[in-house]
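This is start_34.pdb (PDB, C-alpha atoms).
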```
MODEL        1
ATOM      1  CA  MET E   1     -75.088 -11.491  57.217
ATOM      2  CA  SER E   2     -76.654 -11.465  53.763
ATOM      3  CA  ILE E   3     -77.680  -9.016  51.065
ATOM      4  CA  ILE E   4     -81.195  -9.179  49.641
ATOM      5  CA  GLU E   5     -82.344  -7.426  46.443
ATOM      6  CA  LYS E   6     -86.056  -6.588  46.187
ATOM      7  CA  ALA E   7     -88.325  -4.307  44.143
ATOM      8  CA  ILE E   8     -89.853  -1.672  46.428
ATOM      9  CA  GLU E   9     -92.045   1.372  46.019
ATOM     10  CA  LEU E  10     -91.143   4.548  47.908
ATOM     11  CA  VAL E  11     -94.282   6.577  48.606
ATOM     12  CA  ASP E  12     -94.594  10.080  50.026
ATOM     13  CA  SER E  13     -97.134  12.893  49.793
ATOM     14  CA  LYS E  14     -94.950  14.352  47.016
ATOM     15  CA  GLY E  15     -95.065  11.230  44.837
ATOM     16  CA  ARG E  16     -93.876   7.678  44.451
ATOM     17  CA  GLU E  17     -90.871   5.940  42.937
ATOM     18  CA  ARG E  18     -90.432   2.237  42.140
ATOM     19  CA  VAL E  19     -86.823   1.130  42.670
ATOM     20  CA  THR E  20     -84.716  -1.926  43.400
ATOM     21  CA  GLY E  21     -83.606  -1.924  47.023
ATOM     22  CA  LEU E  22     -80.585  -3.696  48.485
ATOM     23  CA  PHE E  23     -81.051  -4.877  52.057
ATOM     24  CA  ASP E  24     -77.959  -5.785  54.095
ATOM     25  CA  THR E  25     -78.932  -7.678  57.242
ATOM     26  CA  GLY E  26     -75.613  -6.773  58.883
ATOM     27  CA  SER E  27     -75.779  -3.039  58.170
ATOM     28  CA  THR E  28     -75.857  -0.487  60.974
ATOM     29  CA  SER E  29     -77.345   2.263  58.783
ATOM     30  CA  SER E  30     -79.411   2.742  55.641
ATOM     31  CA  CYS E  31     -78.877   4.758  52.459
ATOM     32  CA  ILE E  32     -81.100   6.017  49.662
ATOM     33  CA  ASP E  33     -80.087   7.419  46.278
ATOM     34  CA  LYS E  34     -79.884  11.208  46.583
ATOM     35  CA  GLY E  35     -81.741  11.772  43.297
ATOM     36  CA  ILE E  36     -84.721   9.699  44.446
ATOM     37  CA  ALA E  37     -84.807  11.414  47.849
ATOM     38  CA  GLN E  38     -84.698  14.832  46.132
ATOM     39  CA  LYS E  39     -87.493  13.863  43.723
ATOM     40  CA  LEU E  40     -89.698  12.859  46.670
ATOM     41  CA  GLU E  41     -88.569  15.961  48.640
ATOM     42  CA  LEU E  42     -87.439  13.890  51.628
ATOM     43  CA  LEU E  43     -84.129  15.608  52.441
ATOM     44  CA  ILE E  44     -83.472  17.983  55.327
ATOM     45  CA  PRO E  45     -80.337  20.185  55.100
ATOM     46  CA  LEU E  46     -77.836  19.727  57.945
ATOM     47  CA  PRO E  47     -75.946  22.622  59.572
ATOM     48  CA  GLN E  48     -72.732  20.613  59.161
ATOM     49  CA  PRO E  49     -71.932  17.309  57.418
ATOM     50  CA  LEU E  50     -72.025  14.001  59.304
ATOM     51  CA  GLU E  51     -68.890  11.939  58.677
ATOM     52  CA  PHE E  52     -68.770   8.120  58.598
ATOM     53  CA  GLU E  53     -65.976   5.606  58.110
ATOM     54  CA  THR E  54     -66.375   3.147  55.234
ATOM     55  CA  ALA E  55     -65.218  -0.459  54.927
ATOM     56  CA  LYS E  56     -62.137   0.753  53.021
ATOM     57  CA  LYS E  57     -59.269   1.496  55.413
ATOM     58  CA  ASP E  58     -58.907   5.211  56.236
ATOM     59  CA  ASP E  59     -61.781   6.102  53.869
ATOM     60  CA  LYS E  60     -64.661   8.301  55.016
ATOM     61  CA  MET E  61     -67.882   9.629  53.541
ATOM     62  CA  ALA E  62     -69.759  12.801  54.410
ATOM     63  CA  VAL E  63     -73.532  13.174  54.556
ATOM     64  CA  THR E  64     -74.800  16.714  54.018
ATOM     65  CA  PRO E  65     -78.598  16.383  53.680
ATOM     66  CA  LEU E  66     -80.489  14.053  56.001
ATOM     67  CA  LEU E  67     -83.431  11.715  55.402
ATOM     68  CA  PRO E  68     -85.562  11.679  58.568
ATOM     69  CA  THR E  69     -85.829   8.267  60.233
ATOM     70  CA  SER E  70     -89.579   8.729  60.513
ATOM     71  CA  GLU E  71     -89.872   8.160  56.744
ATOM     72  CA  ARG E  72     -90.891   4.580  55.987
ATOM     73  CA  MET E  73     -90.542   2.477  52.868
ATOM     74  CA  GLY E  74     -93.553   0.472  51.735
ATOM     75  CA  THR E  75     -92.883  -2.806  49.958
ATOM     76  CA  SER E  76     -94.907  -3.997  47.018
TER      77      SER E  76
ENDMDL
END
```
How does this structure look as structure tokens?
Amino acid sequence: MSIIEKAIELVDSKGRERVTGLFDTGSTSSCIDKGIAQKLELLIPLPQPLEFETAKKDDKMAVTPLLPTSERMGTS
């Protein structure tokens, strides 16, 4: 498992945003900064939050809006 940092450009019909992405080859899911996703209008509200465990013992995080998996990131 390794973590890779790379400059990427997120592009959608609503706009584009150049950011630094962190890629974890051992990750089972992906995350995007909420502010960037809101700016590009990528979020879909959920009827109820999704809850996930974190690496910290007994710690959980809740996801309320969802980024569809059909969205793709283009690298530059």
*Explicit residues for the PyMOL selection byres ((chain E and resi 19-25) around 10) (as an NGL selection string)*: :E and (1-10 or 16-18 or 26-33 or 36 or 75)
*Residues within 9 Å of Leu50 (chain E), only C-alpha atoms, excluding chain neighbours under 2 positions, as number ranges by chain*: E: 46, 48, 52, 61-65
*For Gly15 (chain E), the nearest of the candidates E:Pro47, E:Glu41, E:Leu67, E:Lys34, counting all atoms listed in the file*: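 With all atoms listed in the file as the atom set, the closest residue is E:Glu41.
Computed from the coordinates, the CA of Glu53 (chain E) to CA of Ala37 (chain E) distance equals 22.2 Å.
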Could you give me the axis-aligned bounding box of region 20-34 of chain E, with 4 Å of padding per side, as centre plus edge lengths in Å to one decimal, as AutoDock Vina command-line options?
```
--center_x -80.2 --center_y 1.8 --center_z 52.2 --size_x 17.1 --size_y 26.9 --size_z 25.6
```
*Could you check how far CA of Thr54 (chain E) sits from CA of Gly35 (chain E), in Å to one decimal?*
21.3 Å
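One distance worth recording is that between CA of Ser13 (chain E) and CA of Pro45 (chain E), which is 19.1 Å.
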*Report as a list of chain:residue names the residues that result from applying the PyMOL selection byres ((chain E and resi 42) around 9) to the structure here.*
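In the shown coordinates, the PyMOL selection byres ((chain E and resi 42) around 9) covers E:Asp12, E:Lys14, E:Ile36, E:Ala37, E:Gln38, E:Lys39, E:Leu40, E:Glu41, E:Leu43, E:Ile44, E:Leu66, E:Leu67, E:Pro68, E:Glu71.
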Output file for the selection above: C-alpha atoms, as a CSV table (one decimal), in the coordinates of the input:
```csv
chain,number,residue,atom,x,y,z
E,12,ASP,CA,-94.6,10.1,50.0
E,14,LYS,CA,-95.0,14.4,47.0
E,36,ILE,CA,-84.7,9.7,44.4
E,37,ALA,CA,-84.8,11.4,47.8
E,38,GLN,CA,-84.7,14.8,46.1
E,39,LYS,CA,-87.5,13.9,43.7
E,40,LEU,CA,-89.7,12.9,46.7
E,41,GLU,CA,-88.6,16.0,48.6
E,43,LEU,CA,-84.1,15.6,52.4
E,44,ILE,CA,-83.5,18.0,55.3
E,66,LEU,CA,-80.5,14.1,56.0
E,67,LEU,CA,-83.4,11.7,55.4
E,68,PRO,CA,-85.6,11.7,58.6
E,71,GLU,CA,-89.9,8.2,56.7
```
